Amino acid sequence: MHEQLILDSPIGDDIEGESYIDKIPSPISGQDVGECELAMLMERQLPVRERQVLELYYNEMLSEKQIAEILGVSQQRVNQIRKKGLNILRMELIMDDQ
């Protein structure tokens with residue numbers, strides 16, 4: 001079992017550095033998406049496979065190649081799944097904002 005994705009925790013050792021949530025582009029310039037809101041959105045809207053890939057990529061900081069090996073798919077497929085998951089989140093954020 002993997003740890004819960006903590007989106008506002010810093011990436012790497014730099015406490016003041018970029019967080020995981022910073023890696024998810026906002027669909028609207030200047031929009032601030034809270035960690036709790038995004039976590040609920042991921043749970044509610046993302047299919048299991050997309051959620052798995054995003055958690056492994058952003059939380060576990062695994063490469064697409066490593067994720068592909070874990071899931072038994074190609075690296076290209078992991079890239080497609082990751083992009084699809086991010087697009088779903090972007091669209092949901094846009095819909096929620098309207």
# chains A, B, ... in the order shown; residues from 1 in each chain; ligands from 1
$ residues_around --residues "Lys84 of chain A" --least-positions-apart "6" --cutoff "10 Å" --atoms "only C-alpha atoms" --output "CSV table (one decimal) with N, CA and C atoms, in the first residue's frame"
chain,number,residue,atom,x,y,z
A,46,LEU,N,-11.2,10.8,-10.3
A,46,LEU,CA,-10.2,10.0,-11.0
A,46,LEU,C,-10.4,8.5,-11.0
A,50,GLU,N,-5.5,6.2,-13.0
A,50,GLU,CA,-5.0,7.6,-13.1
A,50,GLU,C,-4.6,8.1,-11.7
A,78,VAL,N,2.1,5.0,-19.3
A,78,VAL,CA,2.1,5.7,-18.1
A,78,VAL,C,2.0,7.2,-18.3
A,90,ARG,N,-7.9,19.2,-14.2
A,90,ARG,CA,-8.0,20.6,-14.7
A,90,ARG,C,-9.5,20.9,-15.1
$ closest_residue --among "A:Leu62, A:Ile70, A:Met42, A:Val48" --to "Asn87 of chain A" --atoms "only C-alpha atoms"
A:Met42
$ closest_residue --among "A:Arg51, A:Arg44, A:Asn59, A:Ala39" --to "Lys83 of chain A" --atoms "only C-alpha atoms"
A:Arg51
$ select_by_dssp --residues "segment 29-86 of chain A" --states "helix (DSSP H, G or I)" --output "number ranges by chain"
A: 35-45, 48-59, 64-71, 75-86
$ atom_distance --atom1 "atom CA of Gln75 of chain A" --atom2 "atom CA of Pro47 of chain A"
18.7 Å
